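Visitor: Contents are compact mmCIF, C-alpha atoms; file name protein.txt:
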# COMPACT_ATOMS: atom_id res chain seq x y z
CA MET Z 1 9.36 81.74 74.68
CA SER Z 2 7.06 84.74 75.18
CA GLN Z 3 3.28 84.40 75.22
CA ALA Z 4 3.00 86.77 72.24
CA HIS Z 5 5.45 84.64 70.25
CA THR Z 6 3.52 81.47 71.12
CA SER Z 7 0.22 83.14 70.18
CA THR Z 8 1.67 84.18 66.83
CA GLU Z 9 2.83 80.64 66.05
CA VAL Z 10 -0.54 79.15 66.98
CA ALA Z 11 -2.41 81.76 64.93
CA THR Z 12 -0.12 81.23 61.94
CA GLN Z 13 -0.70 77.48 61.99
CA LYS Z 14 -4.48 77.76 62.43
CA LEU Z 15 -4.86 80.32 59.65
CA ARG Z 16 -2.62 78.30 57.31
CA GLU Z 17 -4.75 75.19 57.83
CA ALA Z 18 -7.95 77.20 57.31
CA ILE Z 19 -6.63 78.41 53.94
CA LEU Z 20 -5.25 75.04 52.80
CA SER Z 21 -8.45 73.22 53.77
CA GLY Z 22 -10.63 75.73 51.92
CA GLU Z 23 -12.33 77.21 54.97
CA LEU Z 24 -10.92 80.56 53.87
CA LEU Z 25 -11.25 81.17 50.14
CA PRO Z 26 -9.10 83.03 47.58
CA GLY Z 27 -9.79 86.73 47.75
CA ASP Z 28 -11.41 86.55 51.21
CA LYS Z 29 -10.67 89.65 53.27
CA LEU Z 30 -9.07 88.71 56.58
CA HIS Z 31 -10.85 90.89 59.14
CA GLN Z 32 -8.42 91.27 62.00
CA ASP Z 33 -10.99 92.01 64.71
CA ARG Z 34 -13.04 88.97 63.75
CA LEU Z 35 -10.02 86.68 63.49
CA ALA Z 36 -8.55 87.89 66.78
CA GLU Z 37 -11.81 87.13 68.54
CA MET Z 38 -12.11 83.74 66.85
CA LEU Z 39 -8.55 82.75 67.82
CA GLY Z 40 -8.73 84.32 71.28
CA ILE Z 41 -5.65 86.50 70.83
CA SER Z 42 -4.88 90.19 70.59
CA ARG Z 43 -4.37 91.98 67.28
CA THR Z 44 -0.58 92.26 67.77
CA PRO Z 45 0.27 88.53 67.45
CA LEU Z 46 -2.48 88.17 64.84
CA ARG Z 47 -0.93 90.84 62.64
CA ALA Z 48 2.44 89.11 63.05
CA ALA Z 49 0.81 85.85 61.93
CA LEU Z 50 -0.73 87.50 58.87
CA THR Z 51 2.62 89.05 58.00
CA ALA Z 52 4.29 85.64 58.30
CA LEU Z 53 1.68 84.09 56.00
CA ALA Z 54 2.20 86.94 53.51
CA GLN Z 55 5.91 86.12 53.48
CA LYS Z 56 5.04 82.47 52.76
CA GLY Z 57 2.81 83.51 49.86
CA LEU Z 58 -0.54 82.42 51.30
CA VAL Z 59 -1.78 85.92 52.13
CA SER Z 60 -1.57 89.20 50.23
CA TYR Z 61 -1.74 92.78 51.46
CA ALA Z 62 -2.94 95.96 49.78
CA SER Z 63 -3.04 99.37 51.44
CA ASN Z 64 -6.63 99.96 50.36
CA ARG Z 65 -7.79 96.43 51.12
CA GLY Z 66 -5.78 95.08 54.03
CA PHE Z 67 -4.88 91.39 54.29
CA TYR Z 68 -6.71 88.88 52.10
CA VAL Z 69 -6.24 85.27 50.97
CA ARG Z 70 -4.01 85.13 47.92
CA GLU Z 71 -5.46 83.97 44.59
CA PHE Z 72 -3.58 81.68 42.17
CA SER Z 73 -4.00 81.08 38.46
CA PHE Z 74 -4.46 77.51 37.23
CA ALA Z 75 -1.08 77.76 35.48
CA GLU Z 76 0.52 78.42 38.88
CA VAL Z 77 -1.33 75.46 40.37
CA SER Z 78 -0.18 73.18 37.53
CA GLY Z 79 3.41 74.32 37.93
CA ALA Z 80 3.31 73.57 41.64
CA PHE Z 81 1.99 70.05 40.97
CA GLU Z 82 4.73 69.40 38.41
CA VAL Z 83 7.52 70.43 40.75
CA ARG Z 84 5.95 68.56 43.67
CA ALA Z 85 5.76 65.38 41.56
CA GLU Z 86 9.50 65.53 40.80
CA LEU Z 87 10.54 66.35 44.36
CA GLU Z 88 8.44 63.60 45.92
CA ALA Z 89 9.70 61.14 43.30
CA LEU Z 90 13.23 62.06 44.39
CA ALA Z 91 12.17 61.52 48.00
CA CYS Z 92 11.09 57.98 47.09
CA ARG Z 93 14.41 57.18 45.41
CA LEU Z 94 16.30 58.30 48.49
CA ALA Z 95 13.88 56.79 51.02
CA ALA Z 96 14.24 53.31 49.51
CA GLY Z 97 17.80 53.18 50.78
CA ASN Z 98 16.83 54.26 54.29
CA MET Z 99 14.09 51.77 55.07
CA THR Z 100 14.04 50.10 58.47
CA ASP Z 101 11.57 47.68 60.03
CA GLU Z 102 10.10 50.61 61.95
CA ALA Z 103 9.70 52.65 58.76
CA ARG Z 104 8.00 49.74 57.00
CA ARG Z 105 5.58 49.32 59.89
CA HIS Z 106 4.81 53.04 59.93
CA LEU Z 107 3.94 53.14 56.23
CA ALA Z 108 1.94 49.92 56.57
CA ASP Z 109 -0.01 51.40 59.48
CA LEU Z 110 -0.85 54.51 57.47
CA VAL Z 111 -2.02 52.44 54.51
CA ALA Z 112 -4.12 50.29 56.85
CA GLU Z 113 -5.69 53.44 58.28
CA GLY Z 114 -6.66 54.52 54.79
CA ASP Z 115 -8.16 51.08 54.15
CA ARG Z 116 -10.28 51.41 57.28
CA LEU Z 117 -11.54 54.87 56.35
CA LEU Z 118 -12.50 53.73 52.85
CA SER Z 119 -14.00 50.41 53.97
CA PRO Z 120 -17.63 51.72 53.91
CA GLY Z 121 -17.31 51.96 50.13
CA THR Z 122 -17.43 55.75 50.24
CA LEU Z 123 -15.57 58.49 52.07
CA LEU Z 124 -18.04 59.44 54.78
CA PRO Z 125 -18.19 63.14 55.73
CA GLU Z 126 -17.05 62.35 59.27
CA ASN Z 127 -13.99 60.52 57.89
CA LEU Z 128 -12.78 63.25 55.54
CA ALA Z 129 -10.53 64.97 58.10
CA ASP Z 130 -8.97 61.66 59.18
CA TYR Z 131 -8.37 60.58 55.58
CA ARG Z 132 -6.80 63.95 54.82
CA ARG Z 133 -4.57 63.56 57.87
CA MET Z 134 -3.54 60.06 56.79
CA ASN Z 135 -2.66 61.34 53.32
CA VAL Z 136 -0.57 64.19 54.73
CA ASN Z 137 1.21 61.81 57.12
CA PHE Z 138 1.97 59.31 54.34
CA HIS Z 139 3.61 61.87 52.08
CA THR Z 140 5.42 63.45 55.02
CA ALA Z 141 6.76 60.06 56.14
CA VAL Z 142 8.23 59.37 52.70
CA MET Z 143 9.92 62.78 52.57
CA THR Z 144 11.28 62.33 56.09
CA LEU Z 145 12.69 58.93 55.17
CA SER Z 146 14.53 60.53 52.24
CA GLY Z 147 16.91 62.11 54.73
CA ASN Z 148 17.06 65.28 52.61
CA ALA Z 149 15.57 68.19 54.54
CA TRP Z 150 15.51 70.39 51.43
CA ILE Z 151 12.86 68.19 49.83
CA MET Z 152 10.53 68.71 52.78
CA GLU Z 153 11.19 72.46 52.85
CA PHE Z 154 10.53 72.99 49.16
CA VAL Z 155 7.45 70.74 49.06
CA GLN Z 156 6.00 72.54 52.07
CA SER Z 157 6.42 75.82 50.20
CA LEU Z 158 4.53 74.28 47.25
CA HIS Z 159 1.71 73.38 49.65
CA ASN Z 160 1.26 77.12 50.08
CA VAL Z 161 -0.45 76.93 46.71
CA PRO Z 162 -3.64 75.55 48.29
CA ALA Z 163 -4.93 73.49 45.37
CA ALA Z 164 -1.55 71.75 45.07
CA SER Z 165 -1.53 70.88 48.76
CA ASP Z 166 -1.70 67.32 50.05
CA ARG Z 167 -4.77 68.52 51.99
CA VAL Z 168 -6.82 68.40 48.79
CA ILE Z 169 -9.01 65.27 48.69
CA MET Z 170 -11.26 64.86 45.66
CA TRP Z 171 -14.14 62.85 47.03
CA ARG Z 172 -16.84 62.78 44.34
CA ASP Z 173 -15.67 59.64 42.51
CA PHE Z 174 -14.93 56.85 44.97
CA ARG Z 175 -13.11 54.90 42.27
CA VAL Z 176 -10.59 57.75 42.04
CA LEU Z 177 -10.11 57.67 45.81
CA GLU Z 178 -9.56 53.91 45.65
CA ARG Z 179 -7.03 54.34 42.85
CA SER Z 180 -5.20 57.04 44.78
CA HIS Z 181 -5.05 54.93 47.91
CA ASP Z 182 -3.94 51.92 45.88
CA ASP Z 183 -1.00 54.10 44.84
CA HIS Z 184 -0.17 54.44 48.54
CA HIS Z 185 -0.19 50.63 48.82
CA ARG Z 186 2.12 50.21 45.84
CA ILE Z 187 4.49 53.00 46.88
CA ALA Z 188 4.78 51.58 50.40
CA HIS Z 189 5.39 48.08 48.99
CA ALA Z 190 8.08 49.28 46.57
CA LEU Z 191 9.83 51.20 49.34
CA SER Z 192 9.68 48.21 51.68
CA LYS Z 193 11.50 46.21 48.97
CA GLY Z 194 14.10 48.94 48.46
CA GLN Z 195 12.83 49.59 44.92
CA GLY Z 196 13.57 53.29 44.71
CA GLU Z 197 13.08 53.83 40.98
CA ARG Z 198 9.78 51.96 40.99
CA ALA Z 199 8.53 53.92 44.00
CA ALA Z 200 9.62 57.17 42.33
CA ALA Z 201 7.69 56.36 39.14
CA LEU Z 202 4.61 55.45 41.18
CA MET Z 203 4.79 58.68 43.18
CA ARG Z 204 5.24 60.81 40.07
CA GLU Z 205 2.20 59.19 38.47
CA HIS Z 206 0.24 59.50 41.75
CA ILE Z 207 0.68 63.28 41.84
CA THR Z 208 0.39 63.80 38.08
CA PHE Z 209 -2.91 61.90 38.02
CA ALA Z 210 -4.18 64.08 40.88
CA LEU Z 211 -3.54 67.17 38.76
CA GLU Z 212 -5.27 65.66 35.71
CA HIS Z 213 -8.29 64.64 37.78
CA LEU Z 214 -8.43 68.04 39.44
CA HIS Z 215 -8.49 69.64 35.98
CA GLU Z 216 -11.44 67.48 34.93
CA GLN Z 217 -13.34 67.98 38.19
CA MET Z 218 -12.99 71.74 37.95
CA LYS Z 219 -14.69 71.66 34.57
CA LEU Z 220 -17.46 69.31 35.70
CA TYR Z 221 -18.11 70.63 39.21
CA PRO Z 222 -16.72 74.17 39.53
CA GLN Z 223 -18.91 74.75 42.59
CA ASP Z 224 -16.85 72.17 44.49
CA PHE Z 225 -13.69 74.19 44.02
CA LEU Z 226 -14.68 77.67 45.08
CA ARG Z 227 -11.24 78.14 46.56
CA MET Z 228 -9.73 77.19 43.20
CA PRO Z 229 -8.86 79.72 40.46
CA SER Z 230 -10.23 79.68 36.95
CA PHE Z 231 -8.10 78.17 34.18
CA ASP Z 232 -6.69 81.44 32.89
CA LYS Z 233 -7.08 83.99 35.64
CA PRO Z 234 -7.76 84.16 39.37
CA ALA Z 235 -11.37 83.54 40.32
CA LYS Z 236 -13.51 86.59 41.00
CA GLY Z 237 -16.85 85.19 42.16
CA ARG Z 238 -17.15 83.02 45.23
CA ASN Z 239 -20.92 82.78 45.61
CA GLY Z 240 -22.39 79.66 47.11
CA ASN Z 241 -22.09 77.40 50.10
CA ARG Z 242 -18.58 77.36 51.53
CA ASN Z 243 -19.04 73.80 52.70
CA ARG Z 244 -19.46 72.36 49.23
CA ARG Z 245 -16.02 70.79 49.33
CA ASN Z 246 -17.21 68.39 52.01
CA PRO Z 247 -18.80 65.10 50.95
CA ARG Z 248 -22.56 65.12 50.77
Rewrite the structure of this file - the entire thing - as structure tokens.
Guide:
Amino acid sequence: MSQAHTSTEVATQKLREAILSGELLPGDKLHQDRLAEMLGISRTPLRAALTALAQKGLVSYASNRGFYVREFSFAEVSGAFEVRAELEALACRLAAGNMTDEARRHLADLVAEGDRLLSPGTLLPENLADYRRMNVNFHTAVMTLSGNAWIMEFVQSLHNVPAASDRVIMWRDFRVLERSHDDHHRIAHALSKGQGERAAALMREHITFALEHLHEQMKLYPQDFLRMPSFDKPAKGRNGNRNRRNPR
């Protein structure tokens, strides 16, 4: 594998995570010189990375503007959540028939990690990245256990709608976090018992509730979702502190 190819893959992954985590906001212009310096690569593999992200729908390009982070309407976000809920519910139904002792231990370990991170009674700022990683790993594990690679592929494409990504952690209300993580407990338990339909219903509700809570939080605390669109049209203004998504 050539160095340029490797550099492109690394740049693509780093930029994707920056967009999904909210470090780069909708409408942000992606200055190639600045990004190349930040990533320590030349402009050639960087441009290839930006082109790849444009093909995935995370980045847009305009001749008079260059590359910039794509903006999504709330209707698009809602649609992504709805499809994701059905696909991950299907993953649960299939995964229930593929459970092994190793798979049970893996899900139990992930749930235990979430318990540890929430044990202070709040999600501490320094634990946000680890909790996000645990959440991503839990959902990925269930989809992997389904044995259907198409589920993973389509859900990953839905994660390219940043607000519908499993990277999104709504931290303001600790009770909501506890409820969400309790869903992880119940999904893991149902899967360990081979209860596919029950696990599917729990997963569908888990993701549907996340959308409903996101809707409410956007109305109450719009400053926390600067990378989110408005309800009817893509967001225009992005004034304010870019770190507001992190717990205070």
Visitor: Which one is closest to Lys14 of chain Z: Z:Leu53, Z:Ile207, Z:Leu87, Z:Asn148? Count all atoms listed in the file.
Guide: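 Counting all atoms listed in the file, the residue closest to Lys14 of chain Z is Z:Leu53.
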Visitor: Work out how far atom CA of His159 of chain Z is from atom CA of Gly194 of chain Z, in Å to one decimal.
Guide: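 We find that atom CA of Gly194 of chain Z and atom CA of His159 of chain Z lie 27.4 Å from each other.
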Visitor: Which of these residues is nearest to Ser60 of chain Z, using all atoms listed in the file: Z:Phe74, Z:Gly27, Z:Leu145, Z:Arg34?
Guide: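 So, comparing all the options, the nearest one is Z:Gly27.
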Visitor: Go through Z:Leu24, Z:Ala95, Z:Leu177, Z:Val111 and flag the residue nearest Ile151 of chain Z, using only C-alpha atoms for the distances.
Guide: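 Closest residue, counting only C-alpha atoms: Z:Ala95.
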Visitor: Between atom CA of Thr8 of chain Z and atom CA of Leu30 of chain Z, what distance in Å does the model show, to one decimal?
Guide: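 So the answer is 15.5 Å.
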Visitor: Interatomic distance between atom CA of Glu76 of chain Z and atom CA of Tyr61 of chain Z?
Guide: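 Distance between the two atoms: 19.2 Å.
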Visitor: Return the single residue from Z:Val77, Z:Ala188, Z:Ala112, Z:Val83 that is closest to Val142 of chain Z, with distances computed using only C-alpha atoms.
Guide: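 The shortest atom-to-atom distance to Val142 of chain Z comes from Z:Ala188.
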Visitor: Using all atoms listed in the file, can you tell me which of Z:Lys219, Z:Arg133, Z:His181, Z:Arg186 comes closest to Ala199 of chain Z?
Guide: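 Ranking Z:Lys219, Z:Arg133, Z:His181, Z:Arg186 by distance to Ala199 of chain Z, first place goes to Z:Arg186.
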Visitor: Using only C-alpha atoms, which residues sit within 7 Å of Gly196 of chain Z once same-chain residues fewer than 4 positions away are excluded, as a VMD selection string?
Guide: chain Z and resid 92 to 94 96 191 200
Visitor: Restricting it to C-alpha atoms, dump the selection as a PDB file, keeping the file's coordinate frame.
Guide:
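File out.pdb, as written:
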ATOM      1  CA  CYS Z  92      11.090  57.980  47.090  1.00  0.00           C
ATOM      2  CA  ARG Z  93      14.410  57.180  45.410  1.00  0.00           C
ATOM      3  CA  LEU Z  94      16.300  58.300  48.490  1.00  0.00           C
ATOM      4  CA  ALA Z  96      14.240  53.310  49.510  1.00  0.00           C
ATOM      5  CA  LEU Z 191       9.830  51.200  49.340  1.00  0.00           C
ATOM      6  CA  ALA Z 200       9.620  57.170  42.330  1.00  0.00           C
TER       7      ALA Z 200
END
Visitor: For a quick check of understanding, using only C-alpha atoms, which of Z:His184, Z:Val176, Z:Arg116, Z:Leu123 has the smallest distance to Asn137 of chain Z?
Guide: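 Looking only at the distances to Asn137 of chain Z, the closest residue turns out to be Z:His184.
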